[in-house]
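upload_28.cif (mmCIF, C-alpha atoms and all ligand atoms)
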```cif
data_work
#
loop_
_atom_site.label_atom_id
_atom_site.label_comp_id
_atom_site.auth_asym_id
_atom_site.auth_seq_id
_atom_site.Cartn_x
_atom_site.Cartn_y
_atom_site.Cartn_z
CA MET A 955 121.31 -18.64 64.19
CA THR A 956 121.18 -18.51 60.37
CA SER A 957 121.56 -15.18 58.66
CA ALA A 958 117.93 -15.34 57.39
CA ALA A 959 116.67 -15.71 60.96
CA ALA A 960 118.95 -12.90 62.03
CA ILE A 961 117.54 -10.65 59.35
CA SER A 962 113.90 -11.35 60.20
CA ALA A 963 114.66 -10.92 63.89
CA SER A 964 116.27 -7.55 63.28
CA ALA A 965 113.34 -6.51 61.04
CA LEU A 966 110.99 -7.32 63.90
CA ALA A 967 113.16 -5.39 66.31
CA PHE A 968 112.83 -2.32 64.11
CA ALA A 969 109.16 -2.79 63.26
CA THR A 970 107.90 -2.95 66.82
CA PRO A 971 109.24 0.38 68.13
CA ALA A 972 108.06 2.19 64.97
CA GLN A 973 104.52 0.89 65.48
CA ALA A 974 104.82 1.64 69.17
CA ASP A 975 105.56 5.26 68.47
CA GLU A 976 102.65 5.65 66.09
CA LEU A 977 100.21 4.01 68.49
CA ARG A 978 101.50 6.12 71.34
CA ASP A 979 101.37 9.32 69.28
CA ASP A 980 97.72 8.63 68.45
CA LEU A 981 97.00 7.90 72.10
CA MET A 982 98.71 11.11 73.23
CA ALA A 983 96.53 13.03 70.77
CA ASP A 984 93.45 11.37 72.33
CA MET A 985 94.51 11.95 75.94
CA PRO A 986 92.97 15.43 76.51
CA GLU A 987 89.59 14.08 75.50
CA LEU A 988 90.05 10.86 77.51
CA MET A 989 90.92 12.95 80.57
CA GLU A 990 87.75 14.96 80.04
CA LEU A 991 85.80 11.69 79.94
CA TYR A 992 87.65 10.55 83.08
CA ARG A 993 86.78 13.70 85.03
CA ASP A 994 83.15 13.36 84.00
CA LEU A 995 83.06 9.69 85.09
CA HIS A 996 84.88 10.53 88.32
CA ALA A 997 82.39 13.27 89.20
CA ASN A 998 79.39 11.03 88.45
CA PRO A 999 79.98 7.61 90.01
CA GLU A 1000 77.15 5.12 90.37
CA LEU A 1001 76.86 2.17 92.74
CA SER A 1002 76.92 -1.50 91.74
CA PHE A 1003 74.11 -2.53 89.36
CA GLU A 1004 73.04 1.14 89.28
CA GLU A 1005 75.48 2.12 86.52
CA HIS A 1006 72.68 3.30 84.20
CA GLU A 1007 74.05 6.67 83.09
CA THR A 1008 77.62 5.41 82.96
CA ALA A 1009 76.59 2.48 80.74
CA ALA A 1010 74.46 4.65 78.44
CA LYS A 1011 77.22 7.22 78.05
CA LEU A 1012 79.87 4.65 77.15
CA ALA A 1013 77.54 2.54 74.98
CA ALA A 1014 76.89 5.62 72.83
CA ARG A 1015 80.64 6.11 72.37
CA MET A 1016 81.17 2.48 71.39
CA ARG A 1017 78.33 2.75 68.87
CA ASP A 1018 79.93 5.87 67.38
CA LEU A 1019 83.15 3.87 66.95
CA GLY A 1020 81.30 1.28 64.85
CA PHE A 1021 80.78 -1.54 67.35
CA GLU A 1022 77.56 -3.63 67.48
CA VAL A 1023 76.46 -2.64 70.97
CA THR A 1024 74.07 -4.51 73.28
CA GLU A 1025 73.04 -2.89 76.54
CA GLY A 1026 71.42 -4.44 79.57
CA VAL A 1027 73.54 -7.61 79.62
CA GLY A 1028 73.61 -8.76 83.27
CA GLN A 1029 71.44 -5.79 84.31
CA THR A 1030 73.58 -2.76 83.37
CA GLY A 1031 76.42 -4.46 81.44
CA VAL A 1032 77.33 -3.43 77.89
CA VAL A 1033 78.74 -5.76 75.22
CA SER A 1034 80.37 -4.22 72.13
CA VAL A 1035 81.42 -6.49 69.27
CA MET A 1036 83.52 -5.71 66.21
CA ARG A 1037 83.98 -8.48 63.64
CA ASN A 1038 87.00 -7.96 61.44
CA GLY A 1039 87.64 -11.17 59.50
CA GLU A 1040 88.81 -14.65 60.49
CA GLY A 1041 90.91 -14.80 63.60
CA PRO A 1042 90.89 -15.13 67.36
CA VAL A 1043 88.29 -13.58 69.64
CA VAL A 1044 89.82 -11.13 72.09
CA MET A 1045 87.74 -9.79 74.97
CA LEU A 1046 88.70 -6.62 76.82
CA ARG A 1047 86.87 -5.73 80.01
CA ALA A 1048 86.40 -2.65 82.17
CA ASP A 1049 84.29 -2.46 85.32
CA MET A 1050 81.95 0.47 85.93
CA ASP A 1051 80.85 0.69 89.56
CA GLY A 1052 81.75 3.20 92.24
CA LEU A 1053 81.69 2.66 96.02
CA PRO A 1054 79.66 4.00 98.94
CA VAL A 1055 82.51 6.24 100.11
CA VAL A 1056 82.42 9.99 100.80
CA GLU A 1057 85.21 11.44 98.66
CA GLN A 1058 87.87 13.41 100.56
CA THR A 1059 90.47 13.97 97.84
CA GLY A 1060 89.72 17.68 97.42
CA LEU A 1061 90.10 17.30 93.65
CA PRO A 1062 88.29 19.97 91.60
CA TYR A 1063 86.24 17.20 89.95
CA ALA A 1064 85.62 15.27 93.21
CA SER A 1065 82.30 13.46 93.43
CA THR A 1066 79.50 15.05 95.42
CA GLN A 1067 77.04 12.34 94.41
CA THR A 1068 75.00 10.48 96.99
CA ALA A 1069 72.96 7.30 96.78
CA THR A 1070 70.93 5.04 99.00
CA PRO A 1071 72.16 1.45 98.70
CA ALA A 1072 70.34 -1.67 99.88
CA SER A 1073 71.36 -0.95 103.49
CA GLY A 1074 68.96 2.01 103.39
CA VAL A 1075 71.61 4.45 104.63
CA THR A 1076 72.28 7.36 102.28
CA THR A 1077 75.98 7.72 101.54
CA GLY A 1078 78.38 9.55 99.30
CA VAL A 1079 79.50 7.70 96.18
CA MET A 1080 83.05 7.71 94.88
CA HIS A 1081 85.17 5.96 92.28
CA ALA A 1082 87.47 4.96 95.14
CA CYS A 1083 88.66 1.82 93.34
CA GLY A 1084 89.62 3.68 90.17
CA HIS A 1085 87.12 2.01 87.86
CA ASP A 1086 86.81 5.42 86.18
CA THR A 1087 90.42 5.05 85.01
CA HIS A 1088 89.57 1.58 83.69
CA MET A 1089 86.66 2.93 81.66
CA ALA A 1090 88.63 5.84 80.21
CA GLY A 1091 91.51 3.50 79.32
CA PHE A 1092 89.02 1.07 77.76
CA ILE A 1093 87.56 3.81 75.54
CA GLY A 1094 91.10 4.87 74.63
CA ALA A 1095 91.89 1.29 73.58
CA ALA A 1096 88.65 1.09 71.58
CA GLN A 1097 89.61 4.25 69.70
CA LEU A 1098 93.12 2.99 68.93
CA LEU A 1099 91.83 -0.37 67.71
CA THR A 1100 89.05 1.02 65.51
CA GLU A 1101 91.51 3.51 63.96
CA ARG A 1102 93.73 0.62 62.85
CA LYS A 1103 91.37 -2.09 61.68
CA ASP A 1104 93.80 -2.96 58.90
CA GLU A 1105 96.39 -4.01 61.50
CA TRP A 1106 94.32 -6.73 63.15
CA GLN A 1107 92.09 -9.59 62.13
CA GLY A 1108 89.57 -11.41 64.29
CA THR A 1109 86.73 -10.45 66.58
CA LEU A 1110 87.00 -7.84 69.27
CA VAL A 1111 84.56 -8.11 72.17
CA MET A 1112 84.73 -5.17 74.57
CA ILE A 1113 82.63 -5.45 77.70
CA LEU A 1114 81.67 -2.95 80.38
CA GLN A 1115 80.90 -4.91 83.50
CA PRO A 1116 78.63 -3.84 86.37
CA ALA A 1117 78.93 -4.61 90.07
CA GLU A 1118 82.54 -5.73 90.38
CA GLU A 1119 82.50 -4.46 93.96
CA LEU A 1120 79.76 -6.91 94.88
CA GLY A 1121 81.59 -9.70 93.07
CA LEU A 1122 78.39 -10.31 91.11
CA GLY A 1123 78.64 -8.42 87.82
CA ALA A 1124 80.80 -10.84 85.83
CA LEU A 1125 78.56 -13.75 86.78
CA ALA A 1126 75.45 -11.71 85.93
CA MET A 1127 76.82 -11.09 82.41
CA LEU A 1128 77.77 -14.75 81.96
CA GLU A 1129 74.36 -15.92 83.16
CA ASP A 1130 72.75 -13.48 80.74
CA GLY A 1131 74.46 -15.22 77.81
CA LEU A 1132 77.81 -13.47 77.45
CA TYR A 1133 79.33 -16.63 75.95
CA THR A 1134 76.24 -17.80 74.03
CA ARG A 1135 74.70 -14.62 72.63
CA PHE A 1136 78.11 -13.15 71.77
CA PRO A 1137 81.40 -14.63 70.50
CA LYS A 1138 83.18 -16.60 73.23
CA PRO A 1139 86.69 -15.23 73.73
CA ASP A 1140 89.94 -17.10 73.24
CA TYR A 1141 91.63 -14.42 75.34
CA ALA A 1142 90.23 -12.15 78.06
CA ILE A 1143 92.21 -9.17 79.34
CA ALA A 1144 91.61 -6.42 81.89
CA PHE A 1145 93.69 -4.06 83.96
CA HIS A 1146 93.25 -2.63 87.45
CA ASP A 1147 94.84 0.47 88.91
CA ALA A 1148 97.21 -0.17 91.83
CA ALA A 1149 97.70 1.97 94.93
CA GLN A 1150 101.09 0.62 95.96
CA PHE A 1151 103.38 1.33 93.04
CA PRO A 1152 104.34 4.29 90.84
CA ALA A 1153 101.99 5.70 88.24
CA GLY A 1154 102.42 4.10 84.84
CA MET A 1155 104.23 0.99 86.10
CA ILE A 1156 102.80 -2.31 84.93
CA GLY A 1157 102.65 -5.18 87.41
CA TYR A 1158 101.66 -8.78 86.81
CA SER A 1159 101.42 -12.08 88.67
CA PRO A 1160 101.45 -15.33 86.69
CA GLY A 1161 99.13 -18.02 88.04
CA PHE A 1162 96.82 -17.02 90.89
CA ALA A 1163 96.75 -13.23 91.05
CA LEU A 1164 93.76 -12.61 93.33
CA ALA A 1165 92.05 -14.82 95.87
CA ASN A 1166 88.84 -16.75 96.39
CA VAL A 1167 86.68 -14.52 98.56
CA ASP A 1168 84.11 -16.14 100.83
CA SER A 1169 81.84 -14.36 103.27
CA VAL A 1170 80.77 -16.64 106.10
CA ASP A 1171 78.17 -16.00 108.80
CA ILE A 1172 78.09 -18.04 112.00
CA THR A 1173 75.10 -17.81 114.30
CA VAL A 1174 76.01 -19.24 117.72
CA PRO A 1175 73.01 -20.05 119.93
CA GLY A 1176 73.33 -20.01 123.71
CA VAL A 1177 71.00 -20.18 126.67
CA GLY A 1178 70.51 -16.68 128.04
CA GLY A 1179 70.02 -15.55 131.61
CA HIS A 1180 71.24 -13.33 134.44
CA GLY A 1181 74.87 -12.29 134.32
CA ALA A 1182 75.24 -13.11 138.03
CA TYR A 1183 74.06 -16.71 137.58
CA PRO A 1184 76.19 -18.05 134.71
CA HIS A 1185 75.74 -21.64 135.88
CA THR A 1186 72.09 -21.45 134.80
CA THR A 1187 73.03 -20.40 131.26
CA ARG A 1188 75.13 -21.47 128.26
CA ASP A 1189 77.05 -18.29 127.48
CA PRO A 1190 77.28 -17.75 123.68
CA VAL A 1191 79.91 -15.01 124.12
CA VAL A 1192 82.31 -17.50 125.71
CA LEU A 1193 81.44 -20.15 123.13
CA ALA A 1194 81.81 -17.77 120.17
CA SER A 1195 85.11 -16.52 121.62
CA ALA A 1196 86.37 -20.11 121.74
CA ILE A 1197 85.30 -20.53 118.11
CA VAL A 1198 87.15 -17.34 117.13
CA MET A 1199 90.34 -18.52 118.81
CA LYS A 1200 90.14 -22.06 117.44
CA LEU A 1201 89.58 -20.68 113.92
CA GLN A 1202 93.10 -19.25 114.12
CA THR A 1203 94.47 -22.78 113.94
CA LEU A 1204 93.03 -23.37 110.47
CA VAL A 1205 95.67 -21.28 108.75
CA SER A 1206 98.47 -21.91 111.27
CA ARG A 1207 98.01 -25.69 111.77
CA GLU A 1208 95.89 -27.17 108.96
CA SER A 1209 96.65 -25.23 105.82
CA SER A 1210 100.04 -25.76 104.12
CA PRO A 1211 102.51 -23.00 105.04
CA LEU A 1212 103.19 -22.73 101.30
CA ASP A 1213 99.54 -22.17 100.41
CA PRO A 1214 98.33 -18.66 101.29
CA ALA A 1215 95.09 -18.48 103.28
CA VAL A 1216 93.27 -16.00 105.49
CA VAL A 1217 90.47 -16.44 108.03
CA THR A 1218 89.43 -13.11 109.51
CA VAL A 1219 86.56 -12.60 111.94
CA GLY A 1220 85.53 -9.08 111.03
CA SER A 1221 82.41 -8.81 113.14
CA PHE A 1222 81.35 -10.26 116.52
CA HIS A 1223 78.01 -9.21 117.95
CA ALA A 1224 76.21 -10.41 121.06
CA GLY A 1225 74.26 -9.05 123.95
CA ALA A 1226 72.84 -5.68 124.93
CA LYS A 1227 73.67 -5.06 128.59
CA HIS A 1228 76.34 -5.67 131.25
CA ASN A 1229 74.42 -8.11 133.37
CA ILE A 1230 72.53 -10.18 130.82
CA ILE A 1231 73.96 -13.30 129.26
CA SER A 1232 72.73 -13.23 125.69
CA ASP A 1233 71.04 -16.16 123.98
CA GLU A 1234 72.92 -15.70 120.72
CA ALA A 1235 76.19 -14.44 119.20
CA LYS A 1236 76.83 -13.66 115.56
CA LEU A 1237 80.16 -13.79 113.76
CA GLN A 1238 81.00 -12.55 110.27
CA LEU A 1239 84.13 -13.84 108.54
CA THR A 1240 86.03 -13.20 105.38
CA VAL A 1241 87.89 -16.25 104.11
CA ARG A 1242 90.59 -16.04 101.42
CA SER A 1243 92.36 -18.78 99.50
CA TYR A 1244 93.61 -19.55 95.99
CA SER A 1245 92.82 -23.13 95.02
CA ASP A 1246 89.47 -24.91 95.20
CA ALA A 1247 91.09 -27.46 97.53
CA SER A 1248 92.32 -24.93 100.07
CA ARG A 1249 88.97 -23.12 99.92
CA LYS A 1250 87.25 -26.41 100.79
CA LEU A 1251 89.70 -27.13 103.60
CA LEU A 1252 88.98 -23.76 105.21
CA LEU A 1253 85.19 -23.85 104.81
CA ASP A 1254 84.93 -27.45 106.04
CA GLY A 1255 87.20 -26.56 108.94
CA ILE A 1256 85.07 -23.57 109.96
CA ALA A 1257 81.92 -25.74 110.06
CA ARG A 1258 83.73 -28.48 112.01
CA ILE A 1259 85.25 -26.08 114.57
CA ALA A 1260 81.94 -24.28 115.16
CA ARG A 1261 80.20 -27.59 115.82
CA GLY A 1262 83.06 -29.06 117.82
CA GLU A 1263 83.33 -26.08 120.16
CA ALA A 1264 79.54 -26.07 120.67
CA MET A 1265 79.68 -29.75 121.62
CA ALA A 1266 82.55 -29.06 124.02
CA ALA A 1267 80.43 -26.30 125.59
CA GLY A 1268 77.65 -28.81 126.19
CA MET A 1269 75.18 -27.38 123.71
CA PRO A 1270 72.38 -29.77 122.71
CA GLU A 1271 72.04 -31.00 119.14
CA ASN A 1272 69.18 -28.59 118.40
CA LYS A 1273 71.37 -25.59 119.37
CA MET A 1274 74.39 -26.19 117.18
CA PRO A 1275 75.89 -23.13 115.46
CA VAL A 1276 74.55 -22.37 111.98
CA VAL A 1277 77.27 -21.68 109.42
CA THR A 1278 76.22 -19.96 106.19
CA VAL A 1279 78.58 -19.45 103.25
CA GLU A 1280 77.44 -16.67 100.95
CA ASP A 1281 76.54 -17.88 97.48
CA PRO A 1282 77.76 -16.95 94.94
CA TYR A 1283 81.29 -16.29 96.10
CA THR A 1284 84.08 -14.50 94.23
CA PRO A 1285 86.43 -17.12 92.79
CA ALA A 1286 90.18 -16.58 92.51
CA THR A 1287 91.54 -14.83 89.44
CA TYR A 1288 94.04 -16.96 87.56
CA ASN A 1289 96.44 -15.57 84.97
CA ASP A 1290 97.37 -18.35 82.53
CA PRO A 1291 101.17 -18.37 82.90
CA ASP A 1292 102.14 -18.88 79.23
CA PHE A 1293 99.60 -16.37 78.01
CA THR A 1294 100.72 -13.90 80.66
CA GLU A 1295 104.33 -14.30 79.58
CA THR A 1296 103.40 -13.76 75.90
CA VAL A 1297 101.70 -10.47 76.69
CA MET A 1298 104.41 -9.36 79.15
CA ALA A 1299 107.19 -10.11 76.67
CA HIS A 1300 105.38 -7.76 74.32
CA PHE A 1301 104.91 -5.17 77.11
CA ARG A 1302 108.60 -5.28 77.99
CA THR A 1303 109.44 -4.44 74.37
CA ARG A 1304 106.82 -1.72 74.17
CA PHE A 1305 107.09 -0.09 77.60
CA GLY A 1306 110.70 -0.99 78.41
CA GLU A 1307 111.98 -3.47 81.01
CA GLN A 1308 111.90 -0.80 83.75
CA ARG A 1309 108.16 -0.28 83.57
CA VAL A 1310 107.08 -3.93 83.66
CA MET A 1311 107.54 -5.96 86.83
CA GLN A 1312 106.33 -9.19 88.31
CA VAL A 1313 104.60 -8.47 91.63
CA PRO A 1314 103.35 -10.73 94.43
CA SER A 1315 99.80 -12.06 94.21
CA VAL A 1316 97.29 -10.52 96.61
CA MET A 1317 94.53 -11.91 98.84
CA GLY A 1318 92.09 -9.29 97.54
CA GLY A 1319 89.33 -10.39 95.19
CA GLU A 1320 88.18 -9.51 91.67
CA ASP A 1321 85.35 -11.17 89.84
CA PHE A 1322 87.27 -11.00 86.55
CA GLY A 1323 88.25 -14.58 87.42
CA GLN A 1324 84.70 -15.66 86.47
CA PHE A 1325 85.37 -15.14 82.76
CA ARG A 1326 88.02 -17.86 82.67
CA ARG A 1327 86.29 -20.07 85.21
CA ALA A 1328 83.14 -20.18 83.04
CA ALA A 1329 85.11 -21.89 80.22
CA PRO A 1330 88.57 -22.86 81.46
CA ASP A 1331 89.34 -25.03 78.42
CA ASP A 1332 88.57 -22.23 75.96
CA VAL A 1333 89.42 -18.93 77.61
CA GLU A 1334 92.90 -17.81 78.64
CA SER A 1335 92.85 -14.76 80.84
CA LEU A 1336 95.09 -12.05 82.22
CA ILE A 1337 94.54 -9.13 84.55
CA PHE A 1338 97.46 -6.76 84.98
CA TRP A 1339 98.01 -3.88 87.37
CA VAL A 1340 98.76 -0.32 86.37
CA GLY A 1341 100.40 1.68 89.15
CA GLY A 1342 98.59 4.90 90.02
CA VAL A 1343 100.60 6.55 92.79
CA PRO A 1344 102.08 9.97 91.87
CA GLN A 1345 105.87 9.93 92.17
CA GLU A 1346 106.00 12.70 94.78
CA GLN A 1347 103.72 10.60 97.02
CA ILE A 1348 106.04 7.61 96.64
CA ASP A 1349 108.98 9.82 97.60
CA LYS A 1350 107.14 11.23 100.65
CA ALA A 1351 106.09 7.76 101.78
CA ALA A 1352 109.68 6.52 101.37
CA ALA A 1353 110.83 9.43 103.56
CA GLY A 1354 108.23 8.50 106.19
CA GLU A 1355 106.34 11.79 105.70
CA THR A 1356 103.08 10.20 104.64
CA THR A 1357 101.36 6.87 104.23
CA LEU A 1358 99.86 5.91 100.90
CA PRO A 1359 96.06 5.58 100.73
CA SER A 1360 94.84 2.19 99.58
CA LEU A 1361 92.19 1.41 96.99
CA HIS A 1362 88.73 2.12 98.48
CA SER A 1363 90.21 4.98 100.55
CA PRO A 1364 88.30 8.30 100.40
CA TYR A 1365 91.74 9.84 99.68
CA TRP A 1366 92.65 7.63 96.70
CA ALA A 1367 93.56 10.06 93.91
CA PRO A 1368 95.64 8.26 91.29
CA ASP A 1369 97.70 10.00 88.66
CA ALA A 1370 94.85 9.24 86.28
CA GLU A 1371 96.60 10.41 83.15
CA LYS A 1372 99.39 7.87 83.58
CA VAL A 1373 96.99 5.06 84.51
CA ILE A 1374 94.69 5.71 81.57
CA ALA A 1375 97.54 6.07 79.07
CA ALA A 1376 99.26 2.85 80.20
CA GLY A 1377 95.95 0.98 80.45
CA ALA A 1378 94.78 2.03 77.00
CA GLU A 1379 98.14 1.29 75.39
CA GLY A 1380 98.37 -2.03 77.21
CA LEU A 1381 94.91 -3.23 76.21
CA ALA A 1382 95.15 -2.03 72.61
CA SER A 1383 98.65 -3.28 71.95
CA ALA A 1384 97.93 -6.65 73.58
CA ALA A 1385 94.90 -7.06 71.30
CA LEU A 1386 96.99 -6.12 68.25
CA THR A 1387 99.63 -8.67 69.24
CA LEU A 1388 97.05 -11.42 69.75
CA MET A 1389 95.23 -10.92 66.46
CA PRO A 1390 97.71 -9.79 63.84
CA ALA A 1391 96.44 -9.09 60.32
CA GLN A 1392 97.13 -12.13 58.11
CA GLY A 1393 99.74 -11.48 55.45
CA GLY A 1394 100.16 -7.98 56.84
ZN ZN B 1 87.31 -2.29 94.61
ZN ZN B 2 88.27 -2.46 91.61
#
```

The structure in this file should be written as structure tokens.
Amino acid sequence: MTSAAAISASALAFATPAQADELRDDLMADMPELMELYRDLHANPELSFEEHETAAKLAARMRDLGFEVTEGVGQTGVVSVMRNGEGPVVMLRADMDGLPVVEQTGLPYASTQTATPASGVTTGVMHACGHDTHMAGFIGAAQLLTERKDEWQGTLVMILQPAEELGLGALAMLEDGLYTRFPKPDYAIAFHDAAQFPAGMIGYSPGFALANVDSVDITVPGVGGHGAYPHTTRDPVVLASAIVMKLQTLVSRESSPLDPAVVTVGSFHAGAKHNIISDEAKLQLTVRSYSDASRKLLLDGIARIARGEAMAAGMPENKMPVVTVEDPYTPATYNDPDFTETVMAHFRTRFGEQRVMQVPSVMGGEDFGQFRRAAPDDVESLIFWVGGVPQEQIDKAAAGETTLPSLHSPYWAPDAEKVIAAGAEGLASAALTLMPAQGG
């Protein structure tokens, strides 16, 4: 290394922590107000595509910060744009929806809201996935970035997405012109709280981070009759059971052992009484995969097995099982490896090596993957995890005294302050790194 390179490297090494401290000091000054926002959001969750008050509240804040704000993008989505000279387009995203869960955390600001979703059954509503922490962190990042417009150059697009829990909100925003009516991003970043590691830790998975999620319905016809005279029937319970068992071979015998896949039959309904052979059985499956190829292998296999077992059971051609794959599905979320490493190298400097760790991918789903999938040649994307579990809970779980609640649990109560602070600092500092001021 030449001495000139050594000097500029050491200048960088000094510059980064100094900026880090200033950014963090500003964030710490904002935290009481962000926590107030968080408690308000937590107490007032809204279901997917019903995020009207949440969207209006946050849109007003973004407007106050100087963004050009458009509401109603993909039903209740909000797009906020800030143009600040020539440079890359960076998109930051938070999701807004709560879940039909009756909150049991006992927190003083616990939700007592109720709603009646499409099912028609009135239920409690709760931010059981922590999207309230995402929104508060998002606003924190917006504040940090607007306070230091002289430190970045480019276009900042900050989006509040509806209906992540249905896997439909990202697509709704894209279909409503997210990439045509507004600047198309070069980089898209989001974070999600995590229920399995300590509050404030940052986790990331290069490549596939979350899975393709397919919901599959199989209607299995039979020929009904008296339970005492099975020979006069074609029993759909026996046929559907054979299908369920044979489906287990898709992952164990057909899919590569090195390619993660899941086929779960979550629901099996047939019949009404002990002594009646039903004329139909219904199965509901969730199917998880990463690549398009393994998704196809599983879905084709399900259709083939359903038909094959029906043929083996002697069902006529006009009584073959009907397999329906829900459309649209939630595609896998892919973190571009080089882009991920760029941001994580920055995070390791900013947060310290101890707080940033590579974690295994999961078979859960997230529709954030849609933003890259809609323009894979143009958009590089990254979703990172921010741990939310209070340290004393981790200690208790390690001692076998408790089990940790998962996301979507009525008991999920993250250490919101740590999640919001790390999320806001992560989003803002990543944006600053990706669009540095020219000549600054
Ligand atoms: Zn969720
Ligand atoms: Zn979520």

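Here atom CA of A:Leu988 stands at a distance of 7.7 Å from atom CA of A:Ile1093.
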
| said: Around ligand ZN 2 (chain B), out to 7 Å and counting all atoms listed in the file, which residues are there? I want them as number ranges by chain. | reply: A: 1083-1085, 1118-1119, 1146

| said: I'd like to know which of A:Met1112, A:Met1050, A:Val1027, A:Ile1337 is closest to A:Phe1162, using all atoms listed in the file. | reply: A:Ile1337

| Distance filter 12 Å around ligand ZN 1 (chain B), atoms: all atoms listed in the file, out as a ChimeraX atom specification | /A:1001-1002,1049-1055,1080-1086,1088,1117-1121,1146-1149,1318-1322,1360-1363,1366

| said: Please determine, counting all atoms listed in the file, which residue among A:Tyr1183, A:Phe1021, A:Tyr1133, A:Phe1301 has the shortest atom-to-atom distance to A:Leu1386. | reply: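 Result for the nearest residue to A:Leu1386: A:Phe1301.
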
Using all atoms of stretch 1054-1059 of chain A listed in the file and a margin of 6 Å per side, can you give the axis-aligned box centre and edge lengths in Å to one decimal, as AutoDock Vina command-line options?
```
--center_x 85.1 --center_y 9.0 --center_z 99.3 --size_x 22.8 --size_y 22.0 --size_z 15.0
```

| request: Choose the residue, out of A:Asp1213, A:Thr1296, A:Val1177, A:Pro1330, that has the smallest atom-to-atom separation from A:Ala1267; count all atoms listed in the file. | output: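 Closest to A:Ala1267 of all the choices is A:Val1177.
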
| task | Have a look at A:Ser1073, A:Gln1107, A:Ser1210, A:Asn1229 and name the one nearest to A:His1180; count only C-alpha atoms. | result |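 Closest candidate: A:Asn1229.
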
| Which one of A:His1006, A:Ala1014, A:Lys1200, A:Ala1153 sits closest to A:Glu1346 if you count all atoms listed in the file? | A:Ala1153

| Residue nearest A:Gly1078 - candidates A:Glu1234, A:Asp979, A:Asp1018, A:Glu1057, atoms counted: only C-alpha atoms |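 Looking at the shortest contact to A:Gly1078, the residue is A:Glu1057.
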
| request: Using all atoms listed in the file, collect all residues at a distance of at most 12 Å from (69.4, 4.3, 97.0) as written in the file, then present them as a PyMOL selection string. | output: chain A and resi 1000-1004+1054+1067-1079

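We find atom CA of A:Gly1323 and atom CA of A:Tyr1244 to be spaced 11.3 Å apart.
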
| task | For atom CA of A:Phe1338 and atom CA of A:Ser1159, determine how far apart the two atoms are, in Å to one decimal place. | result | 7.6 Å

Could you add whatever atoms are missing so that stretch 1090-1099 of chain A carries N, CA, C and O atoms, then write the result as a PDB file, in the coordinates of the input?
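Everything below was put into selection.pdb:
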```
ATOM      1  N   ALA A1090      87.995   4.895  81.134  1.00  0.00           N
ATOM      2  CA  ALA A1090      88.630   5.840  80.210  1.00  0.00           C
ATOM      3  C   ALA A1090      89.714   5.139  79.396  1.00  0.00           C
ATOM      4  O   ALA A1090      89.838   5.358  78.178  1.00  0.00           O
ATOM      5  N   GLY A1091      90.481   4.260  80.039  1.00  0.00           N
ATOM      6  CA  GLY A1091      91.510   3.500  79.320  1.00  0.00           C
ATOM      7  C   GLY A1091      90.892   2.559  78.291  1.00  0.00           C
ATOM      8  O   GLY A1091      91.420   2.374  77.186  1.00  0.00           O
ATOM      9  N   PHE A1092      89.766   1.984  78.640  1.00  0.00           N
ATOM     10  CA  PHE A1092      89.020   1.070  77.760  1.00  0.00           C
ATOM     11  C   PHE A1092      88.559   1.810  76.515  1.00  0.00           C
ATOM     12  O   PHE A1092      88.714   1.320  75.391  1.00  0.00           O
ATOM     13  N   ILE A1093      88.005   3.025  76.696  1.00  0.00           N
ATOM     14  CA  ILE A1093      87.560   3.810  75.540  1.00  0.00           C
ATOM     15  C   ILE A1093      88.777   4.209  74.698  1.00  0.00           C
ATOM     16  O   ILE A1093      88.739   4.170  73.465  1.00  0.00           O
ATOM     17  N   GLY A1094      89.875   4.552  75.370  1.00  0.00           N
ATOM     18  CA  GLY A1094      91.100   4.870  74.630  1.00  0.00           C
ATOM     19  C   GLY A1094      91.547   3.702  73.777  1.00  0.00           C
ATOM     20  O   GLY A1094      91.917   3.873  72.603  1.00  0.00           O
ATOM     21  N   ALA A1095      91.500   2.490  74.344  1.00  0.00           N
ATOM     22  CA  ALA A1095      91.890   1.290  73.580  1.00  0.00           C
ATOM     23  C   ALA A1095      90.938   1.064  72.417  1.00  0.00           C
ATOM     24  O   ALA A1095      91.368   0.726  71.308  1.00  0.00           O
ATOM     25  N   ALA A1096      89.639   1.277  72.655  1.00  0.00           N
ATOM     26  CA  ALA A1096      88.650   1.090  71.580  1.00  0.00           C
ATOM     27  C   ALA A1096      88.943   2.034  70.426  1.00  0.00           C
ATOM     28  O   ALA A1096      88.876   1.651  69.250  1.00  0.00           O
ATOM     29  N   GLN A1097      89.300   3.272  70.759  1.00  0.00           N
ATOM     30  CA  GLN A1097      89.610   4.250  69.700  1.00  0.00           C
ATOM     31  C   GLN A1097      90.842   3.825  68.914  1.00  0.00           C
ATOM     32  O   GLN A1097      90.848   3.863  67.681  1.00  0.00           O
ATOM     33  N   LEU A1098      91.884   3.399  69.625  1.00  0.00           N
ATOM     34  CA  LEU A1098      93.120   2.990  68.930  1.00  0.00           C
ATOM     35  C   LEU A1098      92.862   1.799  68.014  1.00  0.00           C
ATOM     36  O   LEU A1098      93.391   1.733  66.907  1.00  0.00           O
ATOM     37  N   LEU A1099      92.052   0.865  68.486  1.00  0.00           N
ATOM     38  CA  LEU A1099      91.830  -0.370  67.710  1.00  0.00           C
ATOM     39  C   LEU A1099      90.917  -0.116  66.507  1.00  0.00           C
ATOM     40  O   LEU A1099      91.114  -0.710  65.449  1.00  0.00           O
TER      41      LEU A1099
END
```
